[in-house]
Amino acid sequence: MSTSVTITGSGCPIPDANRAGPGTLVRYNDLTLQFDAGRSTVQRLTGANVWIPKLSAVFVTHHHSDHLTGLTDVVLTYWTMDRTDNAPPLPIVAPSGPATDYVSKLLDGWDDDIEVRATHAGRQTRPAFDLMPFDIPDKPTEVWRHGDVVVSAGQVRHEPCPNSVGYRVDTPDGSVAITGDTKVCDEVAELADGVDVLVYEAMRFSFFDELPPHRRYVTDYHADTKLIGAQAAELGIPKLILTHLIPAPVDEAGRQAFEDEVRAGGYEGELVVADDLYTAAVGGGGLPEVRQIVQAAEEQT
């Protein structure tokens with residue numbers, strides 16, 4: 001048994017040549033669970049040695065565009081790369097409301113492209129996904145299960161973006177919580193209680209203190225590094241991974257600024273200011289053995 005978490009995108013709405021849009025991959029044996037799909041998610045999944053048609057499910061935290069612009073690419077690539085033409089519809093789990101409204105229209109406008117590809121290749125199938133909506137729970141609640149692996153969702157505080165959630169994955173090895181976008185709040189604490197790894201969006205509020213007032217609105221609904229440190233310390237989180245980094249660090253000094261502020265909040269555990277494709281073991285299972293993308297391609301052709 002082996003569980004790992006990989007940051008498939010550590011960026012934010014501001015384009016960055018080195019950081020894809022927000023996304024986190026959790027793997028347990030053959031299960032591959034993708035949480036959010038910002039820009040360039042397909043490329044990062046490929047870099048993580050994931051054969052796209054083998055994705056087990058995708059989970060959406062909320063409907064902000066930077067978390068979703070890569071989702072159509074995931075669905076179309078899931079079909080395009082399916083050499084056997086028999087992959088089941090890709091499960092997409094999302095909170096009811098704006099997020100499911102978006103997902104339901106995901107393939108609108110692609111009919112001509114799909115048909116010319118299918119006809120030319122003699123394909124019998126068409127791109128498909130299985131939308132699995134759920135109501136926003138009052139407390140963390142199971143929304144997906146496969147054997148011993150359970151994914152729970154819990155409300156977070158990202159107003160004025162309604163119906164935003166974080167997720168928790170529990171496997172026989174251990175647990176990982178993924179906040180999505182949120183303020184530091186009691187709801188995150190409930191979701192992350194007892195986890196081995198906490199993936200937290202992170203913003204250095206101190207950076208915005210020197211900016212004009214009209215630039216500071218983003219601090220209304222994101223997580224301040226110092227408060228993250230205080231909450232993670234209180235929860236006793238063994239490993240804290242920062243992602244969705246604002247401002248994105250461009251050098252070691254910028255990375256150190258994130259770490260310093262989290263430490264100032266009181267956190268003394270293992271801390272990672274993540275780059276894309278950073279991978280960590282969850283619990284005691286160690287890193288998974290994954291096949292190389294070349295080997296996967298050979299098996300599919």
# chains A, B, ... in the order shown; residues from 1 in each chain; ligands from 1
>>> residues_around(residues="Pro88 in chain A", least_positions_apart="6", cutoff="10 Å", atoms="only C-alpha atoms", output="ChimeraX atom specification")
/A:53-54,56,78-79,82,125,127-130
>>> write_last_selection(atoms="C-alpha atoms", output="mmCIF file, in the first residue's frame")
data_model
loop_
_atom_site.group_PDB
_atom_site.id
_atom_site.type_symbol
_atom_site.label_atom_id
_atom_site.label_comp_id
_atom_site.auth_asym_id
_atom_site.auth_seq_id
_atom_site.Cartn_x
_atom_site.Cartn_y
_atom_site.Cartn_z
ATOM 1 C CA PRO A 53 -7.408 7.654 -19.233
ATOM 2 C CA LYS A 54 -6.464 5.961 -15.952
ATOM 3 C CA SER A 56 -10.117 7.563 -11.262
ATOM 4 C CA TYR A 78 -9.203 11.362 -21.273
ATOM 5 C CA TRP A 79 -11.168 10.370 -24.390
ATOM 6 C CA ASP A 82 -8.221 6.064 -24.699
ATOM 7 C CA THR A 125 -17.482 6.480 -28.144
ATOM 8 C CA PRO A 127 -16.104 12.213 -24.564
ATOM 9 C CA ALA A 128 -18.216 11.691 -21.483
ATOM 10 C CA PHE A 129 -18.148 12.397 -17.783
ATOM 11 C CA ASP A 130 -20.270 11.336 -14.849
#
>>> residues_around(residues="Leu71 in chain A", least_positions_apart="2", cutoff="12 Å", atoms="only C-alpha atoms", output="PyMOL selection string")
chain A and resi 21-23+34-42+57-60+63+65-69+73-78+90-92+99+102-107+129
>>> write_last_selection(atoms="N, CA and C atoms", output="compact mmCIF listing (two decimals), in the first residue's frame")
# COMPACT_ATOMS: atom_id res chain seq x y z
N GLY A 21 -1.95 26.17 -13.07
CA GLY A 21 -3.10 26.54 -12.26
C GLY A 21 -3.36 25.52 -11.16
N PRO A 22 -4.12 25.91 -10.14
CA PRO A 22 -4.27 25.10 -8.94
C PRO A 22 -4.70 23.66 -9.22
N GLY A 23 -4.05 22.74 -8.52
CA GLY A 23 -4.43 21.34 -8.62
C GLY A 23 -3.59 20.47 -7.71
N GLN A 34 -7.72 13.53 -8.79
CA GLN A 34 -7.27 14.89 -9.08
C GLN A 34 -8.23 15.90 -8.46
N PHE A 35 -7.68 16.84 -7.70
CA PHE A 35 -8.49 17.87 -7.04
C PHE A 35 -8.22 19.22 -7.70
N ASP A 36 -9.23 19.73 -8.38
CA ASP A 36 -9.18 20.93 -9.21
C ASP A 36 -8.31 20.70 -10.44
N ALA A 37 -8.53 21.55 -11.43
CA ALA A 37 -7.83 21.38 -12.72
C ALA A 37 -7.64 22.75 -13.35
N GLY A 38 -6.68 23.50 -12.85
CA GLY A 38 -6.34 24.78 -13.43
C GLY A 38 -5.57 24.62 -14.73
N ARG A 39 -5.13 25.75 -15.28
CA ARG A 39 -4.42 25.71 -16.56
C ARG A 39 -3.21 24.78 -16.50
N SER A 40 -3.01 24.03 -17.60
CA SER A 40 -1.87 23.13 -17.78
C SER A 40 -1.92 21.89 -16.89
N THR A 41 -3.09 21.54 -16.39
CA THR A 41 -3.19 20.34 -15.55
C THR A 41 -2.79 19.09 -16.31
N VAL A 42 -3.20 18.96 -17.57
CA VAL A 42 -2.84 17.76 -18.34
C VAL A 42 -1.33 17.62 -18.44
N ALA A 57 -10.97 9.79 -10.76
CA ALA A 57 -12.01 10.80 -10.53
C ALA A 57 -11.37 12.17 -10.41
N VAL A 58 -12.17 13.20 -10.69
CA VAL A 58 -11.75 14.59 -10.51
C VAL A 58 -12.71 15.23 -9.51
N PHE A 59 -12.18 16.05 -8.62
CA PHE A 59 -12.97 16.71 -7.59
C PHE A 59 -12.80 18.22 -7.72
N VAL A 60 -13.91 18.94 -7.71
CA VAL A 60 -13.92 20.39 -7.87
C VAL A 60 -14.18 21.04 -6.52
N HIS A 63 -16.08 27.23 -8.17
CA HIS A 63 -16.20 27.55 -9.59
C HIS A 63 -15.32 28.69 -10.08
N SER A 65 -12.46 30.44 -12.02
CA SER A 65 -11.91 29.99 -13.29
C SER A 65 -10.50 29.42 -13.17
N ASP A 66 -9.68 29.98 -12.28
CA ASP A 66 -8.30 29.48 -12.22
C ASP A 66 -8.21 28.03 -11.74
N HIS A 67 -9.29 27.53 -11.14
CA HIS A 67 -9.33 26.14 -10.69
C HIS A 67 -9.99 25.21 -11.71
N LEU A 68 -10.50 25.77 -12.80
CA LEU A 68 -11.32 24.97 -13.71
C LEU A 68 -10.92 25.05 -15.18
N THR A 69 -10.06 25.99 -15.56
CA THR A 69 -9.82 26.18 -16.99
C THR A 69 -9.16 24.97 -17.64
N ASP A 73 -9.86 20.29 -20.93
CA ASP A 73 -8.69 19.62 -21.49
C ASP A 73 -8.55 18.21 -20.90
N VAL A 74 -8.77 18.08 -19.59
CA VAL A 74 -8.70 16.76 -18.96
C VAL A 74 -9.72 15.81 -19.57
N VAL A 75 -10.97 16.28 -19.71
CA VAL A 75 -12.03 15.41 -20.21
C VAL A 75 -11.78 15.02 -21.67
N LEU A 76 -11.41 15.99 -22.50
CA LEU A 76 -11.15 15.68 -23.91
C LEU A 76 -9.94 14.76 -24.06
N THR A 77 -8.89 15.01 -23.27
CA THR A 77 -7.69 14.17 -23.36
C THR A 77 -7.97 12.77 -22.83
N TYR A 78 -8.79 12.66 -21.82
CA TYR A 78 -9.20 11.36 -21.27
C TYR A 78 -9.78 10.49 -22.39
N LEU A 90 -15.63 9.75 -17.12
CA LEU A 90 -14.79 10.23 -16.03
C LEU A 90 -15.67 10.80 -14.91
N PRO A 91 -15.60 10.25 -13.70
CA PRO A 91 -16.37 10.84 -12.60
C PRO A 91 -15.85 12.22 -12.24
N ILE A 92 -16.75 13.20 -12.14
CA ILE A 92 -16.39 14.53 -11.69
C ILE A 92 -17.30 14.86 -10.51
N ALA A 99 -20.59 25.47 -9.51
CA ALA A 99 -19.57 24.53 -9.99
C ALA A 99 -20.20 23.45 -10.86
N TYR A 102 -21.29 24.79 -14.23
CA TYR A 102 -20.17 24.89 -15.17
C TYR A 102 -19.83 23.52 -15.75
N VAL A 103 -19.70 22.53 -14.89
CA VAL A 103 -19.30 21.20 -15.37
C VAL A 103 -20.32 20.63 -16.35
N SER A 104 -21.60 20.88 -16.10
CA SER A 104 -22.63 20.33 -16.98
C SER A 104 -22.52 20.85 -18.41
N LYS A 105 -21.88 22.02 -18.58
CA LYS A 105 -21.73 22.62 -19.91
C LYS A 105 -20.31 22.48 -20.44
N LEU A 106 -19.54 21.61 -19.84
CA LEU A 106 -18.11 21.52 -20.09
C LEU A 106 -17.76 21.30 -21.56
N LEU A 107 -18.55 20.51 -22.26
CA LEU A 107 -18.22 20.15 -23.64
C LEU A 107 -19.00 20.96 -24.67
N PHE A 129 -18.50 12.34 -19.20
CA PHE A 129 -18.15 12.40 -17.78
C PHE A 129 -19.40 12.11 -16.98
>>> atom_distance(atom1="CA of Asp173 in chain A", atom2="CA of Thr141 in chain A")
19.8 Å
>>> residues_around(residues="Val262 in chain A", least_positions_apart="3", cutoff="6 Å", atoms="only C-alpha atoms", output="number ranges by chain")
A: 225-226, 229, 259, 265
>>> select_by_dssp(residues="range 166-288 of chain A", states="strand (DSSP E or B)", output="MDAnalysis selection string")
chainID A and resid 166:170 175:178 197:203 224 239:246 270:273 279:281
>>> write_last_selection(atoms="N, CA and C atoms", output="short mmCIF file (atom, residue, chain, number, x, y, z; two decimals), in the first residue's frame")
data_model
loop_
_atom_site.label_atom_id
_atom_site.label_comp_id
_atom_site.auth_asym_id
_atom_site.auth_seq_id
_atom_site.Cartn_x
_atom_site.Cartn_y
_atom_site.Cartn_z
N GLY A 166 -13.53 22.17 0.71
CA GLY A 166 -12.25 21.49 0.73
C GLY A 166 -12.52 20.00 0.78
N TYR A 167 -11.48 19.22 0.59
CA TYR A 167 -11.64 17.76 0.59
C TYR A 167 -10.64 17.11 1.53
N ARG A 168 -11.01 15.93 1.98
CA ARG A 168 -10.13 15.10 2.81
C ARG A 168 -10.13 13.69 2.22
N VAL A 169 -8.94 13.12 2.07
CA VAL A 169 -8.80 11.76 1.56
C VAL A 169 -8.23 10.89 2.66
N ASP A 170 -8.94 9.83 2.99
CA ASP A 170 -8.48 8.87 3.98
C ASP A 170 -8.22 7.54 3.30
N SER A 175 -3.98 10.18 5.97
CA SER A 175 -4.98 11.15 5.54
C SER A 175 -4.33 12.41 5.02
N VAL A 176 -4.97 13.02 4.02
CA VAL A 176 -4.54 14.32 3.51
C VAL A 176 -5.75 15.20 3.34
N ALA A 177 -5.65 16.46 3.74
CA ALA A 177 -6.71 17.43 3.53
C ALA A 177 -6.24 18.49 2.55
N ILE A 178 -7.16 18.93 1.68
CA ILE A 178 -6.88 19.93 0.65
C ILE A 178 -7.89 21.05 0.84
N VAL A 197 -1.12 15.08 6.31
CA VAL A 197 -0.65 16.14 5.41
C VAL A 197 -1.79 17.12 5.18
N LEU A 198 -1.49 18.40 5.26
CA LEU A 198 -2.47 19.45 4.98
C LEU A 198 -1.96 20.32 3.85
N VAL A 199 -2.70 20.35 2.74
CA VAL A 199 -2.37 21.18 1.59
C VAL A 199 -3.20 22.45 1.70
N TYR A 200 -2.54 23.57 1.90
CA TYR A 200 -3.23 24.83 2.23
C TYR A 200 -2.89 25.90 1.20
N GLU A 201 -3.91 26.57 0.68
CA GLU A 201 -3.64 27.76 -0.13
C GLU A 201 -3.02 28.81 0.78
N ALA A 202 -2.11 29.63 0.23
CA ALA A 202 -1.37 30.54 1.10
C ALA A 202 -1.16 31.89 0.44
N MET A 203 -1.45 32.94 1.22
CA MET A 203 -1.25 34.31 0.76
C MET A 203 -0.52 35.08 1.85
N ASP A 224 -4.18 33.78 5.23
CA ASP A 224 -2.95 34.48 5.61
C ASP A 224 -1.95 33.49 6.19
N LYS A 239 2.76 17.59 8.59
CA LYS A 239 3.35 18.12 7.35
C LYS A 239 2.37 19.10 6.72
N LEU A 240 2.87 20.30 6.44
CA LEU A 240 2.07 21.38 5.87
C LEU A 240 2.66 21.76 4.51
N ILE A 241 1.83 21.71 3.46
CA ILE A 241 2.26 22.06 2.11
C ILE A 241 1.51 23.31 1.68
N LEU A 242 2.25 24.36 1.34
CA LEU A 242 1.64 25.60 0.89
C LEU A 242 1.58 25.62 -0.64
N THR A 243 0.45 26.02 -1.19
CA THR A 243 0.26 26.10 -2.63
C THR A 243 -0.63 27.29 -2.95
N HIS A 244 -0.97 27.47 -4.27
CA HIS A 244 -1.76 28.64 -4.67
C HIS A 244 -1.08 29.89 -4.11
N LEU A 245 0.22 29.99 -4.32
CA LEU A 245 1.06 30.97 -3.63
C LEU A 245 0.88 32.38 -4.17
N ILE A 246 0.52 33.30 -3.28
CA ILE A 246 0.35 34.71 -3.64
C ILE A 246 1.09 35.57 -2.62
N GLU A 270 6.89 19.93 9.68
CA GLU A 270 7.54 19.94 8.37
C GLU A 270 6.75 20.87 7.45
N LEU A 271 7.45 21.81 6.83
CA LEU A 271 6.81 22.84 6.02
C LEU A 271 7.42 22.85 4.62
N VAL A 272 6.53 22.88 3.61
CA VAL A 272 6.96 22.90 2.22
C VAL A 272 6.27 24.07 1.51
N VAL A 273 7.05 24.95 0.91
CA VAL A 273 6.52 25.96 0.00
C VAL A 273 6.62 25.34 -1.39
N THR A 279 6.13 16.16 -4.63
CA THR A 279 5.42 14.95 -4.22
C THR A 279 5.87 14.53 -2.83
N ALA A 280 4.90 14.12 -2.01
CA ALA A 280 5.20 13.67 -0.65
C ALA A 280 4.40 12.42 -0.33
N ALA A 281 4.99 11.58 0.50
CA ALA A 281 4.27 10.42 1.01
C ALA A 281 3.25 10.85 2.05
#
>>> select_by_dssp(residues="range 105-247 of chain A", states="alpha helix (DSSP H)", output="ChimeraX atom specification")
/A:111-121,186-192,205-208,225-235
>>> atom_distance(atom1="CA of Leu45 in chain A", atom2="CA of Thr8 in chain A")
6.5 Å
>>> atom_distance(atom1="CA of His146 in chain A", atom2="CA of Leu55 in chain A")
13.2 Å
>>> closest_residue(among="A:Val149, A:Ala20, A:Val116, A:Leu277", to="Thr32 in chain A", atoms="only C-alpha atoms")
A:Val149
>>> closest_residue(among="A:Arg216, A:Arg255, A:His120, A:Arg126", to="Ala274 in chain A", atoms="only C-alpha atoms")
A:Arg255
>>> residues_around(residues="Arg157 in chain A", least_positions_apart="3", cutoff="12 Å", atoms="only C-alpha atoms", output="list in words")
Thr61, His62, Ile136, Gly154, Pro160, Cys161, Pro162, Asn163, Ser164, Val165, Gly166, Thr179, Gly180, Asp181, Thr182, Lys183, Val184, Cys185, Asp186, Glu187, Val188, Ala189, Asp220, Tyr221, His222 and Ala223 of chain A
>>> closest_residue(among="A:Leu33, A:Ser96, A:Asp112, A:Leu235", to="Pro137 in chain A", atoms="only C-alpha atoms")
A:Ser96
>>> decode(residues="range 106-119 of chain A", atoms="N, CA and C atoms", output="short mmCIF file (atom, residue, chain, number, x, y, z; two decimals), in the first residue's frame")
data_model
loop_
_atom_site.label_atom_id
_atom_site.label_comp_id
_atom_site.auth_asym_id
_atom_site.auth_seq_id
_atom_site.Cartn_x
_atom_site.Cartn_y
_atom_site.Cartn_z
N LEU A 106 -19.54 21.61 -19.84
CA LEU A 106 -18.11 21.52 -20.09
C LEU A 106 -17.76 21.30 -21.56
N LEU A 107 -18.55 20.51 -22.26
CA LEU A 107 -18.22 20.15 -23.64
C LEU A 107 -19.00 20.96 -24.67
N ASP A 108 -19.75 21.94 -24.21
CA ASP A 108 -20.48 22.80 -25.15
C ASP A 108 -19.48 23.48 -26.09
N GLY A 109 -19.79 23.44 -27.38
CA GLY A 109 -18.95 24.10 -28.37
C GLY A 109 -17.90 23.19 -28.99
N TRP A 110 -17.79 21.96 -28.52
CA TRP A 110 -16.76 21.05 -29.02
C TRP A 110 -17.32 19.96 -29.94
N ASP A 111 -18.60 20.04 -30.29
CA ASP A 111 -19.24 18.99 -31.09
C ASP A 111 -18.52 18.74 -32.42
N ASP A 112 -18.19 19.79 -33.13
CA ASP A 112 -17.57 19.61 -34.45
C ASP A 112 -16.20 18.95 -34.32
N ASP A 113 -15.42 19.39 -33.36
CA ASP A 113 -14.11 18.79 -33.14
C ASP A 113 -14.25 17.31 -32.80
N ILE A 114 -15.16 17.01 -31.88
CA ILE A 114 -15.34 15.62 -31.43
C ILE A 114 -15.78 14.72 -32.59
N GLU A 115 -16.72 15.21 -33.39
CA GLU A 115 -17.24 14.37 -34.47
C GLU A 115 -16.21 14.11 -35.56
N VAL A 116 -15.42 15.12 -35.91
CA VAL A 116 -14.42 14.88 -36.96
C VAL A 116 -13.35 13.92 -36.46
N ARG A 117 -12.98 14.01 -35.19
CA ARG A 117 -12.00 13.08 -34.64
C ARG A 117 -12.57 11.67 -34.57
N ALA A 118 -13.81 11.56 -34.10
CA ALA A 118 -14.42 10.24 -33.95
C ALA A 118 -14.62 9.56 -35.30
N THR A 119 -15.11 10.32 -36.28
CA THR A 119 -15.36 9.75 -37.60
C THR A 119 -14.06 9.33 -38.28
#
